[in-house]
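Here's the structure we're looking at; comments come further down.
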Protein chains: 2
Amino acid sequence: MSGSRVRFLKGHGTGNDFVVLPDHELELTAELARALCDRRTGLGADGVLRVAPSADGDGWYMDHRNADGSTAEMCGNGLRLFARYLVDSGRASAGSEQRIGTRSGLRRAVVGSDGSVRVEMGPARLGPASVAVVGDDSFTGTAVSMGNPHLVCLIEVPVASLDLHRPPVVDAASFPEGVNVEFGNVGVLDGADRQVTMRVHERGVGETQACGTGACALAATVLGGAHGIVAVDQPGGRVLVDVADDGCWLTGPAVVVATGELDPAWLSAALS
Amino acid sequence: MSGSRVRFLKGHGTGNDFVVLPDHELELTAELARALCDRRTGLGADGVLRVAPSADGDGWYMDHRNADGSTAEMCGNGLRLFARYLVDSGRASAGSEQRIGTRSGLRRAVVGSDGSVRVEMGPARLGPASVAVVGDDSFTGTAVSMGNPHLVCLIEVPVASLDLHRPPVVDAASFPEGVNVEFGNVGVLDGADRQVTMRVHERGVGETQACGTGACALAATVLGGAHGIVAVDQPGGRVLVDVADDGCWLTGPAVVVATGELDPAWLSAALS
């Protein structure tokens, strides 16, 4: 592959940014993901999404690696950009339900005519109470599983005042594989009109601009097991979470910044 | 311009990365530079280099803004990438001396057949001794002007051990406009064979992977006013500094990562 032209797309969903590789014959190795995601010597991104044919040949699979080269779990922000790319490139139609393969199984997605994308995030499973300590403050929250582990703390202290440069301290026995910790200030919780301001610390990453599974975990906690729609305002922007019979759905923007081609010599060096 | 296609190139010199805009009719505003350089919602870079015709119409001018939107002084790493772009795009020839306009005046550049680029950095003017304090350690160095201010400290403590998360404390009266502070460990200083390992803290930025004017200031200090060539190893890679009759010359790599087009809707939003 090193001599041929490899196209890419750079984009983001609520500030969570990705390089999309449509040339699905290219193998997405850990080395290539690290080289592409390097923010100085590569294109720079949180992860790479390779467009691969699904195993049954009847759709598309999101092959996804993180910036550190590891294979990635489901990511709502990445899935929105991926679904938009499939529409922009003529592989799928706006307004129609797509079924996209991910490492967490098939997920449905609908690209709206306004550019927002609605994606299926799976069910939120509420667990027991647990505690997160930030500096001198201790906050009681709710453990939530979205497939990956979360601890949602709805707090009175303004989330903007928290120092999240260091990971919140949690009960290691409750979260043996680590945990994403969400802090939320409930703004409005009145009938159908619900809004929460959120910040998130992602395990192994640090504070991020937005976390799709985190927004779903937070919405499910706010609703306490009931169905409904919650607007979640994160540093990277607003998403809407719909907690429904068939699990959580996340609606938010998917922004294309640029498209282009990797330099062949750069790619050759990255693959060697 | 917002409706038309705008091409770009992304590349770096020793880890100092830039977006190059060849469409010189596009005005490089502070807002556009900030949007392009945003590492989450843009392409991400330390700065933007716009290819503009020179005032006399007989060459090219490097219109340069930093990631914060400010207009930039001379930058050896950026100038190397800019000179390489002029050759790659057929505007100049490899091996020939180019004269490129910058905010610091005309600078000469030669793109080598091996991909390295040699650029004129102007004279280094050695000044008085001064002190930089890092943590509990105080280091005596030499003030050097490359047009912009430097303080070069040749030290015994391994530069890798320094904590440069915070700016070194310097004598504010000596550096009223701030100062870039270079720390160097002299490896070899034997006849024509000279090597220094360097780290740099740039004013208003923090530690960077490489600083072209800093490498020149360091080489001139090592040579104590004499002429010669010094290999300077920075975190972003090696450059060679030639201190000669006609000032300092910097030779180092210029790497093209990718080329492409900005998304028209993204550009329109960035310019609005």
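As shown in the structure tokens, the chain order sets the letters A, B, ...; within each chain, residues go from 1, and ligands are also counted from 1 in the order they appear.
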Problem set entry | chain A contacts to chain B at 12 Å (only C-alpha atoms) as number ranges by chain | A: 5-19, 35-47, 88, 115, 208-210, 235-237, 253-270
For this session: Give the alpha helix (DSSP H) residues of segment 112-247 of chain A, as assigned by DSSP on the backbone, as a count of residues only.
Result: 12
For this session: If you run DSSP over the backbone, which residues in segment 33-271 of chain B end up strand (DSSP E)? Put them as a PyMOL selection string.
Result: chain B and resi 47-53+60-66+97-102+105-111+116-122+125-134+137-145+149-154+169-170+180-190+193-202+206-208+228-234+237-244+247-253+255-262
Restricting the output to C-alpha atoms, write the selected residues as a tab-separated table (two decimals), in the first residue's frame.
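This went into again_12.tsv:
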chain	number	residue	atom	x	y	z
B	47	GLY	CA	0.87	28.11	13.08
B	48	VAL	CA	-0.37	28.89	9.58
B	49	LEU	CA	1.87	29.84	6.64
B	50	ARG	CA	0.09	31.58	3.76
B	51	VAL	CA	1.85	31.65	0.39
B	52	ALA	CA	1.63	35.27	-0.78
B	53	PRO	CA	3.28	36.97	-3.75
B	60	TRP	CA	7.10	34.71	-2.45
B	61	TYR	CA	6.28	36.08	0.97
B	62	MET	CA	5.62	33.89	4.02
B	63	ASP	CA	2.52	35.36	5.69
B	64	HIS	CA	2.65	33.70	9.10
B	65	ARG	CA	0.32	33.61	12.09
B	66	ASN	CA	0.65	31.69	15.33
B	97	GLU	CA	18.79	29.67	-3.66
B	98	GLN	CA	15.31	31.06	-2.97
B	99	ARG	CA	14.71	34.50	-1.48
B	100	ILE	CA	11.61	34.40	0.69
B	101	GLY	CA	10.00	37.45	2.25
B	102	THR	CA	9.24	37.30	5.98
B	105	GLY	CA	12.98	40.71	5.97
B	106	LEU	CA	14.22	38.61	3.05
B	107	ARG	CA	15.62	35.20	3.98
B	108	ARG	CA	17.51	32.81	1.70
B	109	ALA	CA	16.68	29.10	1.54
B	110	VAL	CA	17.97	26.08	-0.37
B	111	VAL	CA	16.05	22.80	-0.61
B	116	SER	CA	16.61	18.66	4.08
B	117	VAL	CA	16.31	22.43	3.81
B	118	ARG	CA	18.94	25.06	4.61
B	119	VAL	CA	17.59	28.46	5.65
B	120	GLU	CA	19.17	31.79	6.54
B	121	MET	CA	18.42	32.78	10.12
B	122	GLY	CA	20.32	36.08	10.43
B	125	ARG	CA	24.31	38.80	18.77
B	126	LEU	CA	25.87	37.63	22.04
B	127	GLY	CA	25.01	39.74	25.09
B	128	PRO	CA	25.78	39.75	28.79
B	129	ALA	CA	25.52	36.88	31.28
B	130	SER	CA	22.21	36.33	33.02
B	131	VAL	CA	20.58	33.69	35.21
B	132	ALA	CA	17.69	31.21	34.75
B	133	VAL	CA	16.18	29.50	37.78
B	134	VAL	CA	14.47	26.10	37.36
B	137	ASP	CA	18.60	25.19	40.58
B	138	SER	CA	20.11	28.41	39.28
B	139	PHE	CA	21.93	28.35	35.93
B	140	THR	CA	24.13	31.09	34.49
B	141	GLY	CA	23.71	31.67	30.78
B	142	THR	CA	24.32	34.13	27.96
B	143	ALA	CA	21.76	36.55	26.56
B	144	VAL	CA	21.59	36.22	22.77
B	145	SER	CA	19.54	38.19	20.26
B	149	PRO	CA	15.51	37.38	22.72
B	150	HIS	CA	17.17	34.21	24.02
B	151	LEU	CA	18.97	33.11	27.15
B	152	VAL	CA	21.31	30.17	26.47
B	153	CYS	CA	22.42	28.10	29.48
B	154	LEU	CA	25.10	25.46	28.86
B	169	VAL	CA	12.49	32.40	36.28
B	170	VAL	CA	14.69	35.09	34.70
B	180	ASN	CA	13.14	32.00	25.11
B	181	VAL	CA	15.39	29.95	27.40
B	182	GLU	CA	17.60	27.20	25.95
B	183	PHE	CA	19.38	24.58	28.05
B	184	GLY	CA	22.20	22.65	26.45
B	185	ASN	CA	24.46	19.72	27.34
B	186	VAL	CA	27.60	19.85	25.26
B	187	GLY	CA	28.27	16.33	23.98
B	188	VAL	CA	31.21	16.71	21.63
B	189	LEU	CA	33.13	19.93	21.05
B	190	ASP	CA	36.20	18.70	19.25
B	193	ASP	CA	32.78	17.68	15.33
B	194	ARG	CA	30.41	19.51	17.66
B	195	GLN	CA	27.16	18.26	19.20
B	196	VAL	CA	24.83	19.71	21.83
B	197	THR	CA	21.63	18.27	23.29
B	198	MET	CA	19.06	21.03	23.82
B	199	ARG	CA	15.68	21.68	25.40
B	200	VAL	CA	13.86	24.98	25.05
B	201	HIS	CA	11.12	26.88	26.84
B	202	GLU	CA	9.52	29.42	24.47
B	206	GLY	CA	5.95	26.56	27.06
B	207	GLU	CA	8.38	23.80	26.23
B	208	THR	CA	8.42	23.00	22.50
B	228	GLY	CA	31.66	26.62	12.66
B	229	ILE	CA	28.97	23.96	12.46
B	230	VAL	CA	27.12	22.54	15.49
B	231	ALA	CA	24.70	19.59	15.49
B	232	VAL	CA	21.82	20.45	17.84
B	233	ASP	CA	19.68	17.54	19.04
B	234	GLN	CA	16.24	18.67	20.19
B	237	GLY	CA	15.02	15.92	16.01
B	238	ARG	CA	18.44	17.07	14.85
B	239	VAL	CA	19.31	20.30	13.06
B	240	LEU	CA	22.69	21.58	11.93
B	241	VAL	CA	23.57	25.21	12.62
B	242	ASP	CA	26.27	26.82	10.50
B	243	VAL	CA	27.55	30.04	12.09
B	244	ALA	CA	29.19	31.85	9.18
B	247	GLY	CA	25.01	34.96	9.89
B	248	CYS	CA	23.50	31.68	11.04
B	249	TRP	CA	22.15	29.01	8.69
B	250	LEU	CA	19.87	26.23	9.88
B	251	THR	CA	19.67	22.88	8.08
B	252	GLY	CA	16.99	20.38	9.01
B	253	PRO	CA	14.11	18.25	7.77
B	255	VAL	CA	8.15	16.80	6.34
B	256	VAL	CA	4.89	16.91	4.38
B	257	VAL	CA	2.22	14.83	6.13
B	258	ALA	CA	-0.80	15.40	3.89
B	259	THR	CA	-2.46	17.67	1.37
B	260	GLY	CA	-6.14	18.36	0.89
B	261	GLU	CA	-9.04	20.77	0.82
B	262	LEU	CA	-10.88	22.47	3.65
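The spacing separating atom CA of Ser96 of chain B from atom CA of Gly112 of chain B amounts to 8.7 Å.
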For this session: Find the distance between atom CA of Thr213 of chain A and atom CA of Asp68 of chain A and write it in Å to one decimal.
Result: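 Between these atoms lies a distance of 19.8 Å.
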For this session: State, in Å with one decimal place, the distance from atom CA of Leu79 of chain B to atom CA of Pro167 of chain B.
Result: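 Result for atom CA of Leu79 of chain B versus atom CA of Pro167 of chain B: 26.1 Å, one decimal.
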